[in-house]
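Chemist: query-v3.cif (mmCIF, C-alpha atoms) pasted underneath:
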```
data_model
loop_
_atom_site.label_atom_id
_atom_site.label_comp_id
_atom_site.auth_asym_id
_atom_site.auth_seq_id
_atom_site.Cartn_x
_atom_site.Cartn_y
_atom_site.Cartn_z
CA MET A 1 112.48 141.33 83.59
CA SER A 2 114.59 139.48 81.06
CA HIS A 3 112.99 138.56 77.75
CA THR A 4 115.36 135.70 77.03
CA SER A 5 112.72 133.09 77.75
CA THR A 6 109.97 134.77 75.73
CA HIS A 7 112.17 135.30 72.65
CA PRO A 8 114.66 132.43 72.62
CA ALA A 9 117.50 132.50 70.10
CA PRO A 10 118.05 129.43 67.93
CA VAL A 11 119.36 126.55 70.02
CA ALA A 12 122.70 126.42 68.20
CA PHE A 13 123.31 130.13 68.76
CA ASP A 14 125.30 130.48 71.98
CA VAL A 15 125.51 134.22 72.52
CA ALA A 16 127.39 133.85 75.81
CA ARG A 17 130.14 131.89 74.06
CA ILE A 18 130.23 134.43 71.23
CA ARG A 19 130.49 137.35 73.66
CA ALA A 20 133.56 135.73 75.21
CA ASP A 21 135.29 136.29 71.85
CA PHE A 22 135.02 140.09 72.22
CA PRO A 23 137.31 141.52 74.94
CA ILE A 24 135.79 145.00 74.79
CA LEU A 25 132.37 143.72 75.88
CA ASN A 26 133.81 143.20 79.38
CA LEU A 27 134.23 146.95 79.87
CA SER A 28 132.32 148.99 82.42
CA VAL A 29 131.08 152.51 81.69
CA ALA A 30 130.10 154.85 84.53
CA GLY A 31 130.28 151.86 86.84
CA LYS A 32 127.77 149.89 84.75
CA PRO A 33 128.40 147.00 82.33
CA LEU A 34 128.89 148.28 78.80
CA VAL A 35 125.80 147.80 76.63
CA TYR A 36 127.13 148.50 73.15
CA LEU A 37 124.29 149.40 70.78
CA ASP A 38 126.17 151.51 68.23
CA ASN A 39 127.02 148.72 65.82
CA ALA A 40 125.73 150.53 62.72
CA ALA A 41 128.49 153.09 63.26
CA SER A 42 131.16 150.50 64.00
CA SER A 43 131.00 146.94 65.28
CA GLN A 44 133.49 145.49 67.74
CA MET A 45 136.41 143.20 66.92
CA PRO A 46 136.74 139.59 68.09
CA GLN A 47 139.96 138.23 69.55
CA ALA A 48 140.52 136.10 66.44
CA VAL A 49 140.85 139.26 64.32
CA ILE A 50 143.05 140.99 66.89
CA ASP A 51 145.28 137.92 66.98
CA ARG A 52 145.52 137.81 63.18
CA LEU A 53 146.57 141.47 63.06
CA VAL A 54 149.20 140.89 65.73
CA ARG A 55 150.51 137.81 63.92
CA TYR A 56 150.85 139.77 60.70
CA GLN A 57 152.64 142.66 62.41
CA THR A 58 155.01 140.40 64.37
CA HIS A 59 155.74 137.66 61.81
CA GLU A 60 154.70 138.68 58.29
CA HIS A 61 154.95 142.44 57.80
CA ALA A 62 156.56 143.79 54.63
CA ASN A 63 155.44 145.71 51.58
CA ILE A 64 153.75 143.55 49.00
CA HIS A 65 154.27 142.70 45.32
CA ARG A 66 157.52 142.89 43.33
CA ALA A 67 160.00 141.93 46.08
CA VAL A 68 161.34 138.37 46.21
CA HIS A 69 162.31 138.16 49.86
CA TYR A 70 160.50 135.93 52.34
CA LEU A 71 158.51 138.54 54.26
CA SER A 72 157.26 140.29 51.12
CA GLU A 73 156.21 137.01 49.57
CA THR A 74 154.44 136.01 52.80
CA ALA A 75 152.62 139.36 53.07
CA THR A 76 151.70 139.30 49.38
CA ALA A 77 150.25 135.81 49.68
CA ALA A 78 148.19 136.78 52.74
CA TYR A 79 146.94 139.98 51.09
CA GLU A 80 145.87 138.24 47.89
CA ALA A 81 144.33 135.37 49.88
CA ALA A 82 142.27 138.03 51.68
CA ARG A 83 140.94 139.15 48.30
CA VAL A 84 139.82 135.60 47.54
CA THR A 85 138.15 135.38 50.97
CA LEU A 86 136.18 138.55 50.21
CA GLN A 87 135.34 137.29 46.71
CA ARG A 88 133.77 134.20 48.22
CA PHE A 89 132.01 136.20 50.93
CA ILE A 90 130.03 138.19 48.34
CA ASN A 91 130.11 135.46 45.65
CA ALA A 92 131.90 137.59 43.07
CA HIS A 93 132.68 135.76 39.84
CA GLU A 94 136.41 136.52 40.02
CA ALA A 95 138.83 137.71 42.70
CA ARG A 96 140.04 140.54 40.45
CA GLU A 97 136.56 142.08 40.73
CA VAL A 98 137.32 142.86 44.41
CA ILE A 99 139.13 146.19 44.87
CA PHE A 100 140.45 147.01 48.34
CA THR A 101 139.65 150.60 49.34
CA SER A 102 139.64 152.54 52.60
CA GLY A 103 135.90 151.87 52.99
CA THR A 104 132.47 152.41 51.48
CA THR A 105 133.03 156.15 51.09
CA GLU A 106 136.15 155.72 48.98
CA SER A 107 134.50 152.93 47.00
CA ILE A 108 131.60 155.18 46.00
CA ASN A 109 133.94 158.07 45.23
CA LEU A 110 136.04 155.74 43.08
CA VAL A 111 133.01 154.90 40.93
CA ALA A 112 131.87 158.53 40.79
CA GLN A 113 135.27 159.85 39.77
CA SER A 114 136.29 157.01 37.45
CA TRP A 115 133.16 155.52 35.90
CA GLY A 116 131.12 158.70 36.44
CA ARG A 117 133.50 161.20 34.87
CA GLN A 118 133.88 158.91 31.88
CA ASN A 119 130.17 158.20 31.38
CA ILE A 120 128.06 161.06 32.79
CA ARG A 121 127.34 164.00 30.48
CA ALA A 122 125.37 167.25 30.66
CA GLY A 123 121.64 166.55 30.90
CA ASP A 124 122.11 163.03 32.26
CA GLU A 125 120.24 161.91 35.38
CA ILE A 126 121.41 159.92 38.42
CA ILE A 127 118.79 158.22 40.60
CA LEU A 128 119.32 158.14 44.39
CA THR A 129 116.85 157.62 47.24
CA VAL A 130 115.71 159.83 50.09
CA LEU A 131 117.22 157.36 52.59
CA GLU A 132 120.81 157.58 51.40
CA HIS A 133 123.82 158.17 53.64
CA HIS A 134 125.69 161.36 52.76
CA SER A 135 128.46 159.17 51.32
CA ASN A 136 126.02 158.07 48.63
CA ILE A 137 124.77 161.60 47.97
CA VAL A 138 127.68 164.03 48.02
CA PRO A 139 129.98 162.25 45.50
CA TRP A 140 127.13 162.21 42.97
CA GLN A 141 126.30 165.86 43.66
CA MET A 142 129.94 166.78 43.03
CA LEU A 143 129.90 164.82 39.76
CA ALA A 144 126.53 166.26 38.69
CA GLN A 145 127.74 169.80 39.37
CA GLU A 146 130.89 169.21 37.33
CA LYS A 147 129.07 167.59 34.43
CA GLY A 148 125.76 169.47 34.39
CA ALA A 149 123.82 166.34 35.35
CA THR A 150 120.73 166.10 37.57
CA ILE A 151 120.02 164.09 40.72
CA ARG A 152 116.60 162.42 40.91
CA VAL A 153 115.34 161.10 44.25
CA VAL A 154 113.15 158.08 44.99
CA PRO A 155 110.65 158.94 47.78
CA MET A 156 109.57 156.68 50.64
CA ASN A 157 106.37 156.08 52.56
CA ASP A 158 105.94 156.92 56.24
CA ALA A 159 107.18 153.46 57.26
CA GLY A 160 110.54 154.10 55.59
CA GLU A 161 109.90 151.88 52.55
CA LEU A 162 110.87 152.99 49.05
CA MET A 163 107.97 153.67 46.69
CA LEU A 164 108.82 151.41 43.78
CA ASP A 165 106.17 152.79 41.44
CA GLN A 166 107.72 156.24 41.80
CA TYR A 167 111.21 154.75 41.36
CA GLN A 168 110.14 153.25 38.07
CA ALA A 169 108.49 156.50 36.99
CA LEU A 170 111.83 158.35 37.32
CA PHE A 171 113.38 156.43 34.42
CA ASN A 172 113.67 158.12 31.05
CA GLU A 173 116.14 158.38 28.19
CA HIS A 174 118.43 160.56 30.34
CA THR A 175 118.83 158.05 33.21
CA ARG A 176 122.46 156.91 33.41
CA LEU A 177 122.95 155.41 36.88
CA VAL A 178 121.13 154.21 40.00
CA SER A 179 122.99 154.32 43.31
CA VAL A 180 121.05 152.89 46.24
CA GLY A 181 121.74 151.74 49.78
CA HIS A 182 120.96 148.08 50.43
CA VAL A 183 119.96 148.82 54.05
CA SER A 184 119.25 152.25 55.56
CA ASN A 185 121.78 153.15 58.24
CA ALA A 186 119.28 155.46 59.96
CA LEU A 187 116.11 153.32 59.86
CA GLY A 188 117.26 149.78 59.09
CA SER A 189 114.91 149.46 56.10
CA ILE A 190 116.01 146.66 53.75
CA HIS A 191 115.36 147.87 50.22
CA PRO A 192 114.23 145.57 47.38
CA VAL A 193 117.49 146.13 45.53
CA LYS A 194 117.28 142.97 43.42
CA GLU A 195 113.99 144.15 41.89
CA MET A 196 115.36 147.68 41.52
CA ILE A 197 118.45 146.37 39.73
CA ALA A 198 116.38 144.22 37.36
CA PHE A 199 114.21 147.22 36.42
CA ALA A 200 117.25 149.43 35.88
CA HIS A 201 118.94 146.82 33.71
CA ALA A 202 115.80 146.49 31.61
CA HIS A 203 116.41 150.16 30.80
CA GLY A 204 120.13 149.67 30.20
CA VAL A 205 121.10 151.49 33.41
CA PRO A 206 123.87 150.21 35.73
CA VAL A 207 123.40 150.09 39.51
CA LEU A 208 125.75 150.70 42.43
CA VAL A 209 124.66 149.27 45.79
CA ASP A 210 125.94 150.79 49.05
CA GLY A 211 126.15 147.67 51.19
CA ALA A 212 127.78 149.19 54.28
CA GLN A 213 124.79 148.28 56.46
CA ALA A 214 123.86 145.07 54.64
CA ALA A 215 127.11 143.13 54.68
CA PRO A 216 127.14 142.78 58.50
CA HIS A 217 123.56 141.48 58.66
CA LEU A 218 122.60 139.73 55.43
CA THR A 219 124.02 137.15 53.06
CA VAL A 220 125.31 139.20 50.13
CA ASP A 221 125.48 137.53 46.72
CA VAL A 222 126.46 140.02 44.03
CA GLN A 223 125.83 137.53 41.24
CA ASP A 224 122.32 136.86 42.49
CA LEU A 225 121.65 140.59 42.94
CA ASP A 226 123.14 141.16 39.47
CA CYS A 227 124.48 144.55 40.62
CA ASP A 228 127.21 146.33 38.70
CA PHE A 229 129.01 147.72 41.75
CA TYR A 230 128.79 146.85 45.47
CA ALA A 231 130.58 148.64 48.31
CA PHE A 232 131.03 148.01 52.02
CA SER A 233 133.35 148.74 54.96
CA GLY A 234 135.34 146.42 57.21
CA HIS A 235 134.80 148.20 60.52
CA LYS A 236 131.05 147.52 60.50
CA LEU A 237 131.86 143.85 59.89
CA CYS A 238 134.00 143.10 62.97
CA GLY A 239 137.11 144.10 61.02
CA PRO A 240 139.59 146.99 61.20
CA THR A 241 138.92 150.59 60.25
CA GLY A 242 140.40 152.00 57.06
CA ILE A 243 139.50 149.01 54.89
CA GLY A 244 136.58 148.21 52.62
CA ILE A 245 135.89 146.84 49.21
CA LEU A 246 134.47 147.86 45.91
CA TYR A 247 133.09 145.01 43.86
CA GLY A 248 132.69 145.79 40.19
CA ARG A 249 131.96 143.72 37.13
CA ALA A 250 135.30 142.96 35.50
CA ALA A 251 134.25 144.41 32.13
CA LEU A 252 133.21 147.70 33.77
CA LEU A 253 136.37 147.96 35.88
CA GLU A 254 138.58 147.19 32.88
CA ALA A 255 136.97 150.02 30.90
CA MET A 256 137.33 152.57 33.74
CA PRO A 257 140.32 154.93 34.05
CA PRO A 258 142.36 154.83 37.28
CA PHE A 259 141.07 156.75 40.29
CA LYS A 260 144.55 157.48 41.73
CA GLY A 261 148.00 157.48 40.21
CA GLY A 262 151.10 156.04 41.84
CA GLY A 263 153.07 152.90 42.43
CA ASP A 264 151.71 149.40 41.79
CA MET A 265 148.88 150.59 39.55
CA ILE A 266 151.16 150.94 36.52
CA HIS A 267 152.49 148.62 33.84
CA THR A 268 155.12 150.96 32.38
CA VAL A 269 155.99 154.60 33.06
CA THR A 270 157.87 157.07 30.91
CA PHE A 271 157.56 160.85 30.98
CA GLU A 272 155.85 160.58 27.62
CA LYS A 273 153.31 157.86 28.42
CA THR A 274 152.16 155.57 31.23
CA THR A 275 150.33 152.28 30.77
CA TYR A 276 148.27 150.83 33.57
CA ALA A 277 148.26 147.51 35.35
CA PRO A 278 145.29 145.17 34.95
CA ILE A 279 142.56 145.08 37.59
CA PRO A 280 142.56 144.98 40.56
CA ASN A 281 146.01 146.63 40.78
CA LYS A 282 144.91 149.52 38.53
CA PHE A 283 142.73 150.81 41.37
CA GLU A 284 145.12 150.13 44.28
CA ALA A 285 147.78 152.81 43.90
CA GLY A 286 150.55 153.01 46.48
CA THR A 287 151.01 150.79 49.51
CA PRO A 288 147.58 149.34 50.28
CA PRO A 289 146.15 148.72 53.76
CA ILE A 290 147.82 145.32 53.92
CA ALA A 291 147.24 144.54 57.59
CA ALA A 292 143.67 145.82 57.46
CA ALA A 293 142.83 143.69 54.42
CA ILE A 294 144.21 140.59 56.16
CA GLY A 295 142.27 141.56 59.29
CA LEU A 296 139.07 141.96 57.27
CA ALA A 297 139.52 138.48 55.84
CA ALA A 298 139.94 137.15 59.38
CA ALA A 299 136.70 138.91 60.36
CA VAL A 300 134.87 137.33 57.42
CA ASN A 301 136.24 133.91 58.37
CA TYR A 302 135.02 134.47 61.93
CA LEU A 303 131.54 135.47 60.76
CA ASN A 304 131.41 132.46 58.47
CA THR A 305 132.03 130.13 61.42
CA ILE A 306 128.88 131.52 63.04
CA GLY A 307 126.92 131.75 59.79
CA MET A 308 125.22 134.81 58.34
CA ALA A 309 121.82 133.10 58.49
CA ALA A 310 122.22 132.44 62.24
CA ILE A 311 123.43 136.02 62.75
CA ALA A 312 120.40 137.41 60.91
CA ALA A 313 117.99 135.21 62.90
CA HIS A 314 119.41 136.27 66.28
CA GLU A 315 119.46 139.96 65.34
CA HIS A 316 115.89 139.71 64.09
CA GLU A 317 114.78 138.39 67.49
CA LEU A 318 116.58 141.25 69.23
CA LEU A 319 114.94 143.77 66.91
CA ARG A 320 111.50 142.26 67.48
CA ASP A 321 111.99 142.32 71.26
CA ALA A 322 113.24 145.93 71.29
CA THR A 323 110.52 147.10 68.91
CA GLU A 324 107.77 145.52 71.01
CA GLN A 325 109.11 146.95 74.26
CA LEU A 326 109.69 150.48 72.95
CA ALA A 327 106.37 150.55 71.10
CA ALA A 328 104.72 149.81 74.45
CA THR A 329 106.64 152.60 76.22
CA PRO A 330 104.66 155.88 76.51
CA GLY A 331 106.42 158.92 75.08
CA VAL A 332 108.55 156.93 72.63
CA ARG A 333 108.10 157.44 68.88
CA LEU A 334 109.68 154.81 66.67
CA LEU A 335 110.90 155.97 63.26
CA GLY A 336 111.19 153.44 60.48
CA THR A 337 108.68 150.63 60.68
CA ALA A 338 109.39 148.94 57.36
CA GLN A 339 108.21 145.36 57.00
CA HIS A 340 111.75 144.25 56.15
CA LYS A 341 114.38 145.65 58.49
CA ALA A 342 117.87 145.03 59.77
CA ALA A 343 118.49 145.38 63.49
CA VAL A 344 118.39 149.18 63.69
CA LEU A 345 115.95 151.08 65.89
CA SER A 346 115.62 154.86 65.56
CA PHE A 347 113.44 156.69 68.06
CA VAL A 348 112.69 160.04 69.62
CA LEU A 349 111.49 160.69 73.16
CA GLN A 350 108.73 163.25 73.53
CA GLY A 351 110.09 166.56 74.80
CA ILE A 352 113.70 165.34 75.13
CA HIS A 353 116.53 166.16 72.70
CA PRO A 354 118.30 163.07 71.30
CA HIS A 355 121.69 164.33 72.52
CA ASP A 356 120.32 164.45 76.07
CA VAL A 357 118.98 160.94 75.58
CA GLY A 358 122.40 159.70 74.47
CA THR A 359 124.21 161.48 77.32
CA LEU A 360 121.94 160.06 80.00
CA LEU A 361 121.91 156.56 78.49
CA ASN A 362 125.72 156.66 78.59
CA GLN A 363 125.48 157.18 82.36
CA GLU A 364 123.58 153.87 82.42
CA GLY A 365 126.37 152.22 80.41
CA VAL A 366 124.25 152.13 77.24
CA ALA A 367 125.96 153.29 74.04
CA VAL A 368 123.65 154.55 71.30
CA ARG A 369 124.19 156.99 68.44
CA THR A 370 122.42 160.36 68.36
CA GLY A 371 122.19 162.95 65.60
CA HIS A 372 121.21 162.98 61.93
CA HIS A 373 123.23 159.81 61.14
CA CYS A 374 124.70 161.38 57.99
CA ALA A 375 121.21 161.28 56.51
CA GLN A 376 119.95 164.86 56.72
CA PRO A 377 117.56 164.60 53.72
CA LEU A 378 115.93 161.62 55.45
CA MET A 379 115.65 163.53 58.73
CA ALA A 380 113.95 166.38 56.82
CA ARG A 381 111.50 163.86 55.31
CA LEU A 382 110.76 162.51 58.81
CA GLY A 383 110.29 166.04 60.17
CA VAL A 384 112.98 165.70 62.86
CA ALA A 385 116.44 167.22 63.27
CA ALA A 386 117.89 164.10 64.88
CA THR A 387 117.06 160.73 66.39
CA SER A 388 118.53 158.31 68.89
CA ARG A 389 119.58 155.07 67.23
CA ALA A 390 120.13 151.69 68.84
CA SER A 391 121.75 149.24 66.44
CA PHE A 392 122.25 145.60 67.34
CA ALA A 393 124.85 142.98 66.48
CA PHE A 394 124.88 139.22 66.89
CA TYR A 395 126.76 139.54 70.21
CA ASN A 396 124.00 141.62 71.80
CA THR A 397 121.48 139.99 74.14
CA HIS A 398 117.89 140.30 75.23
CA ALA A 399 119.16 141.44 78.63
CA GLU A 400 120.80 144.36 76.81
CA VAL A 401 117.48 145.16 75.13
CA ASP A 402 115.99 145.30 78.63
CA ALA A 403 118.84 147.59 79.73
CA LEU A 404 118.09 149.95 76.83
CA VAL A 405 114.40 150.10 77.73
CA ALA A 406 115.18 150.60 81.42
CA GLY A 407 117.63 153.34 80.47
CA ILE A 408 115.05 155.12 78.38
CA ARG A 409 112.59 155.04 81.29
CA THR A 410 115.32 156.51 83.53
CA VAL A 411 115.86 159.32 81.00
CA GLN A 412 112.14 160.02 80.95
CA LYS A 413 112.05 160.22 84.78
CA VAL A 414 114.88 162.79 84.76
CA PHE A 415 112.86 165.01 82.40
CA ALA A 416 109.49 164.31 83.99
#
```
As structure tokens, how would this structure be written, given the file I've shared?
Modeler:
Amino acid sequence: MSHTSTHPAPVAFDVARIRADFPILNLSVAGKPLVYLDNAASSQMPQAVIDRLVRYQTHEHANIHRAVHYLSETATAAYEAARVTLQRFINAHEAREVIFTSGTTESINLVAQSWGRQNIRAGDEIILTVLEHHSNIVPWQMLAQEKGATIRVVPMNDAGELMLDQYQALFNEHTRLVSVGHVSNALGSIHPVKEMIAFAHAHGVPVLVDGAQAAPHLTVDVQDLDCDFYAFSGHKLCGPTGIGILYGRAALLEAMPPFKGGGDMIHTVTFEKTTYAPIPNKFEAGTPPIAAAIGLAAAVNYLNTIGMAAIAAHEHELLRDATEQLAATPGVRLLGTAQHKAAVLSFVLQGIHPHDVGTLLNQEGVAVRTGHHCAQPLMARLGVAATSRASFAFYNTHAEVDALVAGIRTVQKVFA
């Protein structure tokens, strides 16, 4: 039974028309229509982005900056226009506060190695949360080990919500940084980062926000959040792989040493002394991912034509539908029942290993992610080794929710 009629999307949201923009959604898997529910790992790319990448490669490709020939000037203009597009997407104050990186992981490592090595000392404390992705744990552990600093961890309740009273209790005169995910990749919990940032700033502590899972689902406004750093990846945002951004306050970025040395991040070089270029170039050594940056801007433009508010509303309806159906399915345990969630559903089936669940769902054409989701401390807190995770995007449908539920029932029959 389809749930389209019981949970209608907003009238203006034409999911059938949107799906036509994504060639890959026409695929069949194991003789069944592809039901792609692994969007938290990587979303799919619309034709408009594919076309923009092809146009760049066939009509505009050259290395950027410095050269005065036509192709280089064209590529440079497109690359720097992409930076402005991303600035507007997150409402940064200036375009130079947007640094292109290879993705969220590099963005966090950049802050850890540049800001962190300059500012973290022995005895200092860095606050993380139990829900963090490994990319927002390991760089800080490496820094803490090098510097003799300590990691402090904000706990959560059984619903997957951060315990703000315990967060606040972690602050003391040794607290130097908070680094927190905006949305949990494993549970979908949306954290109250604006309140967390305000509390940290009241104690003179800067905050980095890992927005990898927030940027595809929520309207991100870094000025409203008042964060000091914000990171996200393009491939979760209908863009190419190998591209992401680090937003940083200009004053912080200007005071930070370079993360990598090489071409285009310098002002002058002699064997005695090198002076560095101003931001953002200081943090973009070598040939940057030019095509990917232009592709990411095209993805942002595409999302803007739909509207992030409309995207969030549709995904919320899908999440509500899937949550209701799975909660009513015997033998299914839902993990992560926070009041505020993005469209991520983690679950375990009684007596069935998540990898078996994923393998059998694939035979039904349903793509989900299984494993620890690069969040092993969270899995330990939940008391499980792994989960199955269905993550929705704006191009998913209620019929696909039904296919997921039907697939889960099929898996249960196999193991009955």
Chemist: Do you know which residues are at most 6 Å from Ser189 (chain A) counting all atoms listed in the file, after dropping those on the same chain fewer than 2 positions away, and could you put them as an NGL selection string?
Modeler: :A and (183-184 or 187 or 338 or 341)
Chemist: Every residue with an atom at most 12 Å from (137.4, 133.5, 59.2) (file coordinates; only C-alpha atoms) is what I'm after, so could you write them as a short mmCIF file (atom, residue, chain, number, x, y, z; two decimals) with C-alpha atoms, in the frame of the given file?
Modeler:
```cif
data_model
loop_
_atom_site.label_atom_id
_atom_site.label_comp_id
_atom_site.auth_asym_id
_atom_site.auth_seq_id
_atom_site.Cartn_x
_atom_site.Cartn_y
_atom_site.Cartn_z
CA PRO A 46 136.74 139.59 68.09
CA GLN A 47 139.96 138.23 69.55
CA ALA A 48 140.52 136.10 66.44
CA VAL A 49 140.85 139.26 64.32
CA ASP A 51 145.28 137.92 66.98
CA ARG A 52 145.52 137.81 63.18
CA ALA A 81 144.33 135.37 49.88
CA ALA A 82 142.27 138.03 51.68
CA THR A 85 138.15 135.38 50.97
CA LEU A 86 136.18 138.55 50.21
CA ARG A 88 133.77 134.20 48.22
CA PHE A 89 132.01 136.20 50.93
CA LEU A 237 131.86 143.85 59.89
CA CYS A 238 134.00 143.10 62.97
CA GLY A 239 137.11 144.10 61.02
CA ILE A 294 144.21 140.59 56.16
CA GLY A 295 142.27 141.56 59.29
CA LEU A 296 139.07 141.96 57.27
CA ALA A 297 139.52 138.48 55.84
CA ALA A 298 139.94 137.15 59.38
CA ALA A 299 136.70 138.91 60.36
CA VAL A 300 134.87 137.33 57.42
CA ASN A 301 136.24 133.91 58.37
CA TYR A 302 135.02 134.47 61.93
CA LEU A 303 131.54 135.47 60.76
CA ASN A 304 131.41 132.46 58.47
CA THR A 305 132.03 130.13 61.42
CA ILE A 306 128.88 131.52 63.04
CA GLY A 307 126.92 131.75 59.79
#
```
Chemist: Can you tell me how far CA of Ser114 (chain A) sits from CA of Phe199 (chain A), in Å to one decimal?
Modeler: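 Between CA of Ser114 (chain A) and CA of Phe199 (chain A) the gap is 24.2 Å.
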Chemist: Can you tell me which residues surround Leu253 (chain A) at a distance of at most 8 Å, considering all atoms listed in the file, apart from same-chain residues fewer than 5 positions away, and format the answer as a PyMOL selection string?
Modeler: chain A and resi 97+248+279
Chemist: Please write as a list in words the full residue list that the PyMOL selection byres ((chain A and resi 363) around 10) yields on this file.
Modeler: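 With the PyMOL selection byres ((chain A and resi 363) around 10) on this model, the match is Val29, Ala30, Gly31, Lys32, Gly358, Thr359, Leu360, Leu361, Asn362, Glu364, Gly365, Val366, Ala367, Gly407 and Val411 of chain A.
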Chemist: Given the point (113.5, 150.0, 66.1) in the file's coordinates, find the residues that have an atom at most 6 Å from it, counting all atoms listed in the file, and give them as a list in words.
Modeler: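 Within 6 Å of (113.5, 150.0, 66.1), the protein and nucleic acid residues are Thr323, Val344, Leu345 and Ser346 of chain A.
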Chemist: Counting all atoms listed in the file, which residue out of A:Leu326, A:Ala41, A:Val68, A:Val111 sits closest to Gly371 (chain A)?
Modeler: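 Of all the options, A:Ala41 lies closest to Gly371 (chain A).
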Chemist: Residue by residue, what does the PyMOL selection byres ((chain A and resi 409) around 10) grab here? Present the result as a PyMOL selection string.
Modeler: chain A and resi 326+329-332+349+361+403-408+410-414
Chemist: Please compute the CA of Thr287 (chain A)-CA of Trp140 (chain A) distance, one decimal, in Å.
Modeler: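 Between CA of Thr287 (chain A) and CA of Trp140 (chain A) the gap is 27.3 Å.
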